[in-house]
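Source file: work.txt. Holds: compact mmCIF, C-alpha atoms.
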```
# COMPACT_ATOMS: atom_id res chain seq x y z
CA MET A 1 64.69 104.49 -80.18
CA ASN A 2 65.16 105.59 -83.83
CA ALA A 3 61.54 104.76 -84.61
CA SER A 4 60.39 106.79 -81.63
CA ILE A 5 62.48 109.78 -82.69
CA LYS A 6 61.25 109.45 -86.26
CA ALA A 7 57.60 109.32 -85.15
CA TRP A 8 58.12 112.33 -82.88
CA HIS A 9 59.81 114.25 -85.71
CA THR A 10 56.96 113.45 -88.08
CA ALA A 11 54.33 114.56 -85.57
CA VAL A 12 56.17 117.84 -84.95
CA ALA A 13 56.52 118.45 -88.69
CA GLN A 14 52.81 117.87 -89.28
CA LEU A 15 51.91 120.16 -86.41
CA TRP A 16 54.17 122.88 -87.82
CA GLN A 17 52.67 122.53 -91.29
CA ARG A 18 49.17 123.02 -89.87
CA SER A 19 50.22 125.93 -87.70
CA PRO A 20 49.00 129.43 -88.73
CA ALA A 21 52.50 130.72 -88.00
CA THR A 22 53.98 128.81 -90.97
CA PRO A 23 52.87 131.34 -93.68
CA LEU A 24 54.06 134.22 -91.53
CA TRP A 25 57.40 132.52 -91.01
CA ARG A 26 57.85 131.90 -94.75
CA TRP A 27 56.90 135.52 -95.56
CA TRP A 28 59.40 136.84 -93.02
CA LEU A 29 62.18 134.63 -94.39
CA GLY A 30 61.36 135.79 -97.92
CA GLU A 31 61.52 139.45 -96.93
CA LEU A 32 64.79 138.86 -95.10
CA ALA A 33 66.26 136.96 -98.04
CA SER A 34 65.39 139.82 -100.41
CA LEU A 35 67.73 142.10 -98.46
CA LEU A 36 70.81 139.88 -98.99
CA PRO A 37 73.06 139.94 -102.07
CA ARG A 38 72.37 136.99 -104.36
CA PRO A 39 75.79 135.26 -103.94
CA LEU A 40 75.54 135.53 -100.16
CA LEU A 41 71.95 134.32 -100.29
CA GLN A 42 72.94 131.25 -102.31
CA ALA A 43 75.82 130.53 -99.94
CA PHE A 44 73.59 130.45 -96.90
CA THR A 45 70.28 129.19 -98.22
CA SER A 46 71.34 126.42 -100.62
CA GLY A 47 70.20 123.34 -98.77
CA ILE A 48 70.19 119.64 -99.48
CA GLU A 49 69.42 118.74 -103.10
CA TRP A 50 68.03 115.23 -103.53
CA HIS A 51 68.41 113.40 -106.85
CA ALA A 52 66.83 110.09 -107.75
CA MET A 53 68.53 107.12 -109.42
CA GLU A 54 66.02 104.81 -111.15
CA TRP A 55 66.20 101.59 -113.13
CA MET A 56 63.49 101.62 -115.75
CA ASP A 57 63.13 99.37 -118.78
CA GLY A 58 66.75 98.26 -118.74
CA GLU A 59 68.09 101.82 -118.46
CA TRP A 60 69.40 104.02 -115.72
CA GLN A 61 68.08 107.53 -115.33
CA LEU A 62 69.08 110.37 -113.03
CA ARG A 63 66.76 113.24 -112.24
CA ALA A 64 66.12 115.87 -109.59
CA MET A 65 63.74 114.56 -106.99
CA HIS A 66 60.91 116.96 -107.82
CA ALA A 67 61.50 117.02 -111.56
CA SER A 68 59.82 114.72 -114.06
CA ALA A 69 62.41 114.87 -116.86
CA PRO A 70 65.76 113.12 -116.23
CA VAL A 71 69.02 115.02 -116.48
CA ALA A 72 70.89 111.90 -117.61
CA ARG A 73 69.96 108.51 -119.08
CA TRP A 74 72.21 105.55 -119.99
CA ASN A 75 72.39 101.77 -120.05
CA ASP A 76 74.98 99.26 -118.95
CA ALA A 77 76.17 98.73 -122.52
CA LEU A 78 78.31 101.86 -122.17
CA LEU A 79 81.75 101.72 -120.67
CA ILE A 80 82.06 102.53 -116.98
CA GLU A 81 84.06 105.67 -117.77
CA GLN A 82 81.33 106.88 -120.13
CA GLN A 83 78.64 106.26 -117.54
CA GLN A 84 80.67 108.12 -114.89
CA ALA A 85 81.18 111.02 -117.28
CA LEU A 86 77.42 111.26 -117.85
CA ILE A 87 76.76 111.28 -114.13
CA ARG A 88 79.42 113.95 -113.48
CA ALA A 89 78.06 116.16 -116.25
CA ALA A 90 74.49 115.83 -114.96
CA LEU A 91 75.53 116.78 -111.42
CA ALA A 92 78.12 119.44 -112.32
CA ASN A 93 75.99 122.32 -111.02
CA VAL A 94 75.15 120.64 -107.72
CA PRO A 95 77.54 121.30 -104.79
CA GLN A 96 79.00 118.08 -103.50
CA ASP A 97 78.21 118.85 -99.88
CA ALA A 98 74.55 119.46 -100.82
CA LEU A 99 74.12 116.45 -103.12
CA ARG A 100 72.08 113.50 -101.86
CA LEU A 101 71.26 110.45 -103.99
CA ALA A 102 68.33 108.11 -103.46
CA PHE A 103 67.76 104.89 -105.38
CA LEU A 104 64.03 104.53 -106.08
CA VAL A 105 62.89 100.93 -106.24
CA PRO A 106 59.96 100.32 -108.61
CA ASP A 107 56.74 99.91 -106.71
CA ALA A 108 56.07 96.58 -108.46
CA TRP A 109 59.04 94.99 -106.67
CA VAL A 110 57.86 95.98 -103.19
CA LEU A 111 55.90 94.02 -100.59
CA ARG A 112 53.86 96.30 -98.29
CA ARG A 113 51.86 95.13 -95.29
CA HIS A 114 49.89 97.23 -92.79
CA MET A 115 50.62 96.08 -89.25
CA SER A 116 49.73 96.88 -85.65
CA PHE A 117 52.08 96.69 -82.68
CA PRO A 118 51.68 97.39 -78.96
CA ALA A 119 52.63 100.90 -77.89
CA ALA A 120 55.36 99.44 -75.67
CA ALA A 121 57.29 98.40 -78.80
CA ARG A 122 57.79 102.00 -79.99
CA ASP A 123 61.51 102.18 -79.22
CA GLN A 124 62.31 98.86 -80.96
CA LEU A 125 59.66 98.97 -83.64
CA LYS A 126 61.87 98.20 -86.64
CA ARG A 127 63.47 95.26 -84.88
CA VAL A 128 60.09 93.92 -83.81
CA ALA A 129 58.80 94.30 -87.38
CA ALA A 130 61.75 92.24 -88.63
CA PHE A 131 60.44 89.24 -86.69
CA GLU A 132 57.16 89.52 -88.60
CA ILE A 133 58.75 89.23 -92.04
CA ASP A 134 58.65 85.43 -92.02
CA ARG A 135 54.94 85.50 -91.24
CA GLN A 136 53.89 88.45 -93.40
CA THR A 137 56.00 87.69 -96.51
CA PRO A 138 57.30 84.58 -98.28
CA PHE A 139 60.87 85.61 -97.44
CA ARG A 140 63.11 85.50 -94.41
CA ALA A 141 64.48 88.71 -92.88
CA ALA A 142 67.94 88.05 -94.34
CA GLN A 143 66.51 87.83 -97.87
CA VAL A 144 64.97 91.32 -97.99
CA PHE A 145 65.70 94.97 -97.46
CA HIS A 146 63.04 96.26 -95.10
CA ASP A 147 61.91 99.34 -93.20
CA ILE A 148 58.75 100.67 -91.58
CA GLY A 149 56.66 103.58 -92.78
CA GLN A 150 55.03 106.39 -90.87
CA VAL A 151 53.87 105.42 -87.38
CA THR A 152 50.50 106.54 -86.09
CA VAL A 153 48.95 105.97 -82.67
CA THR A 154 45.39 104.70 -82.30
CA ALA A 155 42.78 106.76 -80.53
CA ASN A 156 43.07 104.79 -77.29
CA GLY A 157 46.88 105.09 -77.36
CA THR A 158 47.53 101.35 -76.92
CA GLN A 159 48.39 100.42 -80.52
CA LEU A 160 50.85 101.65 -83.14
CA GLN A 161 49.80 101.54 -86.79
CA THR A 162 52.57 101.33 -89.40
CA GLU A 163 53.48 99.74 -92.71
CA LEU A 164 56.11 97.08 -93.27
CA VAL A 165 57.99 97.67 -96.55
CA ALA A 166 60.24 94.90 -97.92
CA VAL A 167 62.13 94.36 -101.19
CA PRO A 168 63.84 91.06 -102.13
CA ARG A 169 67.61 91.30 -102.12
CA SER A 170 67.80 89.14 -105.23
CA LEU A 171 66.34 92.01 -107.26
CA ILE A 172 68.27 94.85 -105.66
CA ASP A 173 71.76 93.45 -104.97
CA PRO A 174 72.85 93.36 -108.68
CA LEU A 175 71.75 96.98 -109.14
CA LEU A 176 73.55 98.12 -106.00
CA ALA A 177 76.69 96.30 -107.13
CA ARG A 178 76.51 98.08 -110.48
CA LEU A 179 76.15 101.48 -108.77
CA ARG A 180 79.16 100.74 -106.56
CA GLU A 181 81.20 100.00 -109.69
CA LEU A 182 80.22 103.43 -110.98
CA GLY A 183 81.35 105.04 -107.71
CA VAL A 184 77.82 106.16 -106.83
CA VAL A 185 77.26 106.56 -103.09
CA LEU A 186 73.61 106.23 -102.13
CA ASP A 187 72.16 108.12 -99.18
CA ALA A 188 68.81 106.32 -99.25
CA MET A 189 66.93 103.52 -100.95
CA ASP A 190 63.26 104.35 -101.15
CA ILE A 191 60.13 103.33 -103.03
CA GLY A 192 59.13 105.29 -106.09
CA VAL A 193 55.45 106.26 -105.90
CA ASN A 194 54.28 108.44 -108.81
CA GLY A 195 57.77 109.83 -109.24
CA ALA A 196 58.12 110.76 -105.55
CA ARG A 197 59.51 109.02 -102.47
CA LEU A 198 57.41 106.93 -100.11
CA GLY A 199 59.46 108.11 -97.15
CA VAL A 200 61.39 105.00 -96.04
CA ASN A 201 65.05 104.07 -96.26
CA LEU A 202 65.71 100.43 -97.08
CA LEU A 203 69.49 100.75 -96.87
CA PRO A 204 71.03 98.90 -93.91
CA ALA A 205 72.63 101.10 -91.29
CA SER A 206 76.09 99.85 -92.31
CA ASP A 207 75.59 101.06 -95.91
CA LYS A 208 74.39 104.58 -95.03
CA PRO A 209 77.17 107.14 -95.58
CA ARG A 210 78.05 109.68 -92.96
CA ARG A 211 77.61 113.12 -94.46
CA ILE A 212 78.88 116.39 -93.09
CA ASN A 213 76.56 119.22 -93.89
CA ARG A 214 78.95 122.14 -93.83
CA ARG A 215 76.21 124.65 -94.61
CA PHE A 216 74.18 123.34 -91.71
CA ARG A 217 77.18 123.66 -89.43
CA LEU A 218 77.84 127.15 -90.75
CA ASN A 219 74.22 128.16 -90.22
CA LEU A 220 74.28 126.56 -86.79
CA GLY A 221 77.47 128.48 -85.97
CA LEU A 222 75.91 131.72 -87.21
CA MET A 223 72.81 131.04 -85.15
CA ALA A 224 74.95 130.35 -82.09
CA GLY A 225 76.93 133.53 -82.77
CA ALA A 226 73.73 135.55 -83.15
CA LEU A 227 72.41 134.07 -79.90
CA LEU A 228 75.71 134.87 -78.17
CA LEU A 229 75.63 138.45 -79.46
CA LEU A 230 72.04 138.76 -78.29
CA ILE A 231 73.00 137.55 -74.83
CA LEU A 232 76.02 139.89 -74.76
CA SER A 233 73.88 142.83 -75.84
CA MET A 234 71.35 142.03 -73.13
CA LEU A 235 74.14 141.75 -70.55
CA GLN A 236 75.59 145.05 -71.79
CA TRP A 237 72.17 146.67 -71.50
CA VAL A 238 71.81 145.33 -67.97
CA HIS A 239 75.33 146.57 -67.14
CA ASN A 240 74.52 150.03 -68.49
CA ARG A 241 71.30 150.11 -66.48
CA GLU A 242 73.19 149.07 -63.35
CA SER A 243 75.86 151.71 -63.97
CA ALA A 244 73.18 154.37 -64.43
CA LEU A 245 71.48 153.11 -61.28
CA ASP A 246 74.76 153.33 -59.35
CA VAL A 247 75.24 156.92 -60.55
CA MET A 248 71.68 157.78 -59.51
CA ARG A 249 72.25 156.14 -56.12
CA GLY A 250 75.41 158.23 -55.67
CA GLU A 251 73.48 161.37 -56.55
CA VAL A 252 70.72 160.40 -54.13
CA ASP A 253 73.25 159.73 -51.35
CA ARG A 254 74.93 163.10 -52.04
CA MET A 255 71.56 164.86 -51.99
CA LYS A 256 70.65 163.05 -48.75
CA THR A 257 73.91 164.28 -47.22
CA GLU A 258 73.16 167.81 -48.35
CA VAL A 259 69.61 167.57 -47.02
CA GLN A 260 70.91 166.30 -43.68
CA ALA A 261 73.40 169.20 -43.54
CA VAL A 262 70.63 171.68 -44.37
CA SER A 263 68.38 170.07 -41.76
CA ALA A 264 71.16 170.33 -39.18
CA LEU A 265 71.69 174.01 -40.05
CA ARG A 266 67.94 174.63 -39.90
CA GLN A 267 67.75 172.92 -36.51
CA THR A 268 70.70 174.96 -35.26
CA LEU A 269 69.06 178.14 -36.54
CA GLN A 270 65.78 177.17 -34.89
CA ASP A 271 67.58 176.45 -31.63
CA HIS A 272 69.37 179.78 -31.75
CA ALA A 273 66.18 181.58 -32.69
CA GLY A 274 64.35 179.82 -29.86
CA ALA A 275 67.05 180.71 -27.36
CA THR A 276 67.13 184.30 -28.59
CA GLY A 277 63.36 184.52 -28.47
CA PHE A 278 63.34 182.97 -25.02
CA LEU A 279 65.85 185.50 -23.75
CA ALA A 280 64.01 188.36 -25.42
CA GLN A 281 60.68 187.13 -24.02
CA ARG A 282 62.20 186.73 -20.60
CA LYS A 283 63.69 190.16 -20.85
CA ARG A 284 60.32 191.58 -21.83
CA ASN A 285 58.47 189.67 -19.16
CA GLY A 286 60.92 190.13 -16.33
CA ALA A 287 62.10 193.17 -14.46
CA THR A 288 65.68 194.28 -14.84
CA ALA A 289 68.14 194.34 -11.96
CA LEU A 290 68.38 198.12 -12.32
CA SER A 291 64.61 198.57 -11.90
CA ILE A 292 64.64 196.29 -8.84
CA LEU A 293 67.48 198.25 -7.27
CA GLN A 294 65.72 201.48 -8.06
CA ASP A 295 62.49 200.19 -6.43
CA LEU A 296 64.36 198.97 -3.34
CA SER A 297 66.26 202.26 -3.04
CA ALA A 298 63.02 204.16 -3.09
CA ARG A 299 61.33 201.95 -0.46
CA LEU A 300 64.09 201.14 2.02
CA PRO A 301 64.43 203.70 4.85
CA GLN A 302 67.56 205.73 5.26
CA ASN A 303 68.70 203.69 8.25
CA ALA A 304 68.75 200.39 6.30
CA TRP A 305 71.01 199.20 3.52
CA LEU A 306 71.69 196.02 1.56
CA GLU A 307 74.94 194.11 1.58
CA ARG A 308 73.95 191.42 -0.96
CA LEU A 309 71.21 191.04 -3.57
CA SER A 310 70.64 187.82 -5.59
CA ILE A 311 68.07 187.00 -8.26
CA ASP A 312 67.75 183.38 -9.48
CA HIS A 313 66.16 182.02 -12.70
CA GLY A 314 62.92 181.25 -10.93
CA GLY A 315 62.42 184.94 -10.07
CA GLN A 316 63.23 184.52 -6.34
CA ILE A 317 65.10 187.42 -4.80
CA GLY A 318 67.38 187.17 -1.78
CA MET A 319 68.39 190.28 0.15
CA GLN A 320 70.91 190.48 2.98
CA GLY A 321 71.59 193.70 4.85
CA GLN A 322 71.47 195.74 8.08
CA GLY A 323 69.08 198.31 9.50
CA THR A 324 68.01 200.06 12.69
CA GLN A 325 64.53 198.55 12.69
CA ALA A 326 64.62 195.53 10.39
CA ALA A 327 61.09 194.42 11.24
CA SER A 328 59.64 197.55 9.61
CA LEU A 329 61.09 196.52 6.28
CA LEU A 330 58.18 194.13 5.56
CA GLU A 331 55.77 197.04 5.70
CA ALA A 332 58.01 199.11 3.43
CA LEU A 333 58.22 196.43 0.74
CA LYS A 334 54.53 195.48 0.64
CA GLY A 335 53.62 198.15 -1.91
CA SER A 336 56.50 197.29 -4.22
CA ALA A 337 55.65 196.95 -7.93
CA SER A 338 58.58 194.56 -8.47
CA LEU A 339 58.53 192.38 -5.34
CA ALA A 340 55.82 190.16 -3.95
CA GLU A 341 55.51 188.12 -0.79
CA PRO A 342 58.48 189.59 1.10
CA ALA A 343 59.46 187.58 4.17
CA PHE A 344 62.34 187.15 6.59
CA GLN A 345 64.32 183.98 6.37
CA GLY A 346 65.86 183.06 9.64
CA SER A 347 66.02 185.27 12.73
CA ILE A 348 67.04 188.90 12.95
CA GLN A 349 70.39 189.21 14.74
CA LYS A 350 72.24 192.22 15.99
CA ASP A 351 75.65 192.92 14.53
CA PRO A 352 78.07 193.62 17.41
CA SER A 353 80.40 195.69 15.28
CA THR A 354 77.80 198.13 13.94
CA GLY A 355 75.06 197.78 16.47
CA LYS A 356 72.54 197.35 13.66
CA GLU A 357 70.10 194.47 13.10
CA ARG A 358 71.28 191.98 10.49
CA PHE A 359 68.53 190.41 8.38
CA PHE A 360 68.02 188.12 5.40
CA MET A 361 64.85 188.54 3.39
CA VAL A 362 63.38 186.69 0.41
CA ALA A 363 60.74 187.83 -2.08
CA GLN A 364 59.27 186.74 -5.38
CA LEU A 365 59.69 188.81 -8.48
CA ARG A 366 56.33 189.99 -9.79
CA LYS A 367 55.18 189.14 -13.31
CA PRO A 368 54.87 192.08 -15.70
CA SER A 369 51.06 191.81 -15.74
CA ASP A 370 50.94 191.91 -11.94
CA ALA A 371 53.36 194.80 -11.90
CA LYS A 372 51.17 196.82 -14.31
CA GLN A 373 48.11 196.23 -12.15
CA LYS A 374 50.03 197.11 -8.99
CA ALA A 375 51.48 200.32 -10.33
CA PRO A 376 48.16 202.23 -10.76
CA ALA A 377 47.01 201.08 -7.33
CA ALA A 378 50.20 202.36 -5.76
CA ALA A 379 49.93 205.60 -7.64
CA GLY A 380 46.36 206.11 -6.47
CA SER A 381 47.33 205.65 -2.82
CA THR A 382 49.87 208.44 -2.97
CA PRO A 383 48.53 211.54 -1.14
```

Represent the structure contained in this file as structure tokens.
Amino acid sequence: MNASIKAWHTAVAQLWQRSPATPLWRWWLGELASLLPRPLLQAFTSGIEWHAMEWMDGEWQLRAMHASAPVARWNDALLIEQQQALIRAALANVPQDALRLAFLVPDAWVLRRHMSFPAAARDQLKRVAAFEIDRQTPFRAAQVFHDIGQVTVTANGTQLQTELVAVPRSLIDPLLARLRELGVVLDAMDIGVNGARLGVNLLPASDKPRRINRRFRLNLGLMAGALLLLILSMLQWVHNRESALDVMRGEVDRMKTEVQAVSALRQTLQDHAGATGFLAQRKRNGATALSILQDLSARLPQNAWLERLSIDHGGQIGMQGQGTQAASLLEALKGSASLAEPAFQGSIQKDPSTGKERFFMVAQLRKPSDAKQKAPAAAGSTP
């Protein structure tokens, strides 16, 4: 599993290095760093500082990983306290939580073999490689420190290409014992290639110290805090938008209520105007009761009178009365400008108390246009 994670990490790192976004990212970080005060910048950007311990020509030397000149050099002839004092003085300016030490084994002591494994062995690649030590080297697995190098996948994806790196314990154990006497804690044991690291770690898992990178935790906490603040700001923005939307909805509802009230008032006004117009139109188009009575008074003979007169909404007129010769009333009403189609309804009966003929007549009220046409004709027939 560790080999698989390591191979995945290496592939991602290579892809990032080839990405065109890498220069832009570095430029942006540089511009951002230029805005911070120097002490604050050092507090947040000081990362891991690797130093190399080397045994060369019977002497120890300590140097920064990317530097060529050592910061300290001594041999085992010095007292342990003197050697420790040299190491402390050389590393005085390096923060303890950022310091990492790697012991670089000389390349001449190392056995390196290129090997191929099935792709199915990816998760247990280091363990599988350990079984090949007896066949690939003159040592057994217990006699060497070993690790595997960078893992690459063949084009067809069925094979894994890597490098088996082994160093005899007989050469390394005395040096590691001497470093433990000096109180030096190693984070890695790698191969020195032209002053740089090969990229393996030959230390057994039991000998690797557990480091707490406080700066990494601080940066991780700051990143989590920034992410939390970003989420809170987004939620606040959404809340503000929702509040504004609720206010707008309230305004819209209020305006809808006002529009409905105005519409109701407009409808009421239209209804009243329609009723008023209808009454005015009906008044203009219809004859008044006074004009009807006046017309009837002029046409009824002196020996006839009305007891009841009714006019309904349909313009039908009902007349009840008495007269000496009720039958002659039809002839008297035929030339009326207000009444049309006069007719008796029911039979004419004689009233025993008055001796007159009791009648009930109906007629239809003429329309104004018919009345205007009838009036000149009636006027022309007058002698």

query = Which residue out of A:Val153, A:Ala129, A:Met319, A:Ile231 has the minimum interatomic distance to Leu306 in chain A when only C-alpha atoms are used?
reply =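 Under the stated criterion, the closest residue is A:Met319.
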
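For the atom pair formed by CA of Leu111 in chain A and CA of Glu49 in chain A, the distance is 28.3 Å, given to one decimal.
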
request  = Choose the residue, out of A:Met361, A:Ala224, A:Val200, A:Leu235, that has the smallest atom-to-atom separation from Val105 in chain A; count only C-alpha atoms.
outcome  = A:Val200

message = Between CA of Ala69 in chain A and CA of Leu202 in chain A, what distance in Å does the model show, to one decimal?
response =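 Computing the Euclidean distance for CA of Ala69 in chain A and CA of Leu202 in chain A yields 24.7 Å.
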
Residue nearest Pro342 in chain A among A:Ala155, A:Ala89, A:Ile317, A:Ala326 (counting only C-alpha atoms) = A:Ile317

task = Calculate how many Å separate CA of Ala92 in chain A from CA of Ala64 in chain A, rounding to one decimal.
result = 12.8 Å

Emit as JSON the padded axis-aligned box for all listed atoms of range 108-116 of chain A, 4 Å per side, with centre and edge lengths in Å to one decimal.
```
{"center_x": 54.4, "center_y": 95.6, "center_z": -97.1, "size_x": 17.3, "size_y": 11.2, "size_z": 30.8}
```

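Using all atoms listed in the file, the smallest distance between any of A:Leu218, A:Ala102, A:Leu365, A:Arg254 and Leu176 in chain A comes from A:Ala102.
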
task = Mind checking which residues fall within 12 Å of Phe360 in chain A, counting only C-alpha atoms, ignoring those fewer than 3 positions away in the same chain, and posting them as a VMD selection string?
result = chain A and resid 305 to 310 317 to 323 326 to 327 329 to 330 342 to 349 357 363

query = Which one of A:Val362, A:Leu160, A:Ala67, A:Leu290 sits closest to Asn194 in chain A if you count all atoms listed in the file?
reply =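 Ranked by minimum distance to Asn194 in chain A, first place goes to A:Ala67.
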
Residues near Ala52 in chain A, anyone? I mean within 10 Å using only C-alpha atoms, not counting same-chain ones fewer than 4 positions away, as a short mmCIF file (atom, residue, chain, number, x, y, z; two decimals) with C-alpha atoms, in the coordinates of the input.
```
data_model
loop_
_atom_site.label_atom_id
_atom_site.label_comp_id
_atom_site.auth_asym_id
_atom_site.auth_seq_id
_atom_site.Cartn_x
_atom_site.Cartn_y
_atom_site.Cartn_z
CA GLN A 61 68.08 107.53 -115.33
CA LEU A 62 69.08 110.37 -113.03
CA ARG A 63 66.76 113.24 -112.24
CA ALA A 64 66.12 115.87 -109.59
CA MET A 65 63.74 114.56 -106.99
CA HIS A 66 60.91 116.96 -107.82
CA ALA A 67 61.50 117.02 -111.56
CA PRO A 70 65.76 113.12 -116.23
CA ARG A 100 72.08 113.50 -101.86
CA LEU A 101 71.26 110.45 -103.99
CA ALA A 102 68.33 108.11 -103.46
CA PHE A 103 67.76 104.89 -105.38
CA LEU A 104 64.03 104.53 -106.08
CA LEU A 186 73.61 106.23 -102.13
CA ALA A 188 68.81 106.32 -99.25
CA MET A 189 66.93 103.52 -100.95
CA ASP A 190 63.26 104.35 -101.15
CA GLY A 192 59.13 105.29 -106.09
CA GLY A 195 57.77 109.83 -109.24
CA ALA A 196 58.12 110.76 -105.55
CA ARG A 197 59.51 109.02 -102.47
#
```

request  = Pick out the residues sitting within 12 Å of Thr158 in chain A, and hand them over as a PyMOL selection string; count only C-alpha atoms, and ignore anything fewer than 6 positions along from it in its own chain.
outcome  = chain A and resi 116-122+152

task = Between A:Ser243, A:Gln84, A:Gln159, A:Thr137, single out the one closest to Arg113 in chain A, counting only C-alpha atoms.
result =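 The closest residue to Arg113 in chain A is A:Thr137.
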
query = Which neighbours of range 163-168 of chain A fall inside 12 Å, counting all atoms listed in the file, when residues of the same chain fewer than 2 positions from it are skipped, and could you give them as an MDAnalysis selection string?
reply = chainID A and resid 104:117 125:152 160:161 170:174 189:191 198:203

Write the residues of the selection above to a file with C-alpha atoms, as a tab-separated table (two decimals), keeping the file's coordinate frame.
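Written out: out.tsv:
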```
chain	number	residue	atom	x	y	z
A	104	LEU	CA	64.03	104.53	-106.08
A	105	VAL	CA	62.89	100.93	-106.24
A	106	PRO	CA	59.96	100.32	-108.61
A	107	ASP	CA	56.74	99.91	-106.71
A	108	ALA	CA	56.07	96.58	-108.46
A	109	TRP	CA	59.04	94.99	-106.67
A	110	VAL	CA	57.86	95.98	-103.19
A	111	LEU	CA	55.90	94.02	-100.59
A	112	ARG	CA	53.86	96.30	-98.29
A	113	ARG	CA	51.86	95.13	-95.29
A	114	HIS	CA	49.89	97.23	-92.79
A	115	MET	CA	50.62	96.08	-89.25
A	116	SER	CA	49.73	96.88	-85.65
A	117	PHE	CA	52.08	96.69	-82.68
A	125	LEU	CA	59.66	98.97	-83.64
A	126	LYS	CA	61.87	98.20	-86.64
A	127	ARG	CA	63.47	95.26	-84.88
A	128	VAL	CA	60.09	93.92	-83.81
A	129	ALA	CA	58.80	94.30	-87.38
A	130	ALA	CA	61.75	92.24	-88.63
A	131	PHE	CA	60.44	89.24	-86.69
A	132	GLU	CA	57.16	89.52	-88.60
A	133	ILE	CA	58.75	89.23	-92.04
A	134	ASP	CA	58.65	85.43	-92.02
A	135	ARG	CA	54.94	85.50	-91.24
A	136	GLN	CA	53.89	88.45	-93.40
A	137	THR	CA	56.00	87.69	-96.51
A	138	PRO	CA	57.30	84.58	-98.28
A	139	PHE	CA	60.87	85.61	-97.44
A	140	ARG	CA	63.11	85.50	-94.41
A	141	ALA	CA	64.48	88.71	-92.88
A	142	ALA	CA	67.94	88.05	-94.34
A	143	GLN	CA	66.51	87.83	-97.87
A	144	VAL	CA	64.97	91.32	-97.99
A	145	PHE	CA	65.70	94.97	-97.46
A	146	HIS	CA	63.04	96.26	-95.10
A	147	ASP	CA	61.91	99.34	-93.20
A	148	ILE	CA	58.75	100.67	-91.58
A	149	GLY	CA	56.66	103.58	-92.78
A	150	GLN	CA	55.03	106.39	-90.87
A	151	VAL	CA	53.87	105.42	-87.38
A	152	THR	CA	50.50	106.54	-86.09
A	160	LEU	CA	50.85	101.65	-83.14
A	161	GLN	CA	49.80	101.54	-86.79
A	170	SER	CA	67.80	89.14	-105.23
A	171	LEU	CA	66.34	92.01	-107.26
A	172	ILE	CA	68.27	94.85	-105.66
A	173	ASP	CA	71.76	93.45	-104.97
A	174	PRO	CA	72.85	93.36	-108.68
A	189	MET	CA	66.93	103.52	-100.95
A	190	ASP	CA	63.26	104.35	-101.15
A	191	ILE	CA	60.13	103.33	-103.03
A	198	LEU	CA	57.41	106.93	-100.11
A	199	GLY	CA	59.46	108.11	-97.15
A	200	VAL	CA	61.39	105.00	-96.04
A	201	ASN	CA	65.05	104.07	-96.26
A	202	LEU	CA	65.71	100.43	-97.08
A	203	LEU	CA	69.49	100.75	-96.87
```

inquiry  = When you look at Glu59 in chain A with a cut-off of 6 Å (counting all atoms listed in the file), what residues show up, excluding the ones that are within fewer than 2 positions of it in the same chain? I need them as JSON, numbers by chain.
reply    = {"A": [55, 56, 57, 74, 75]}
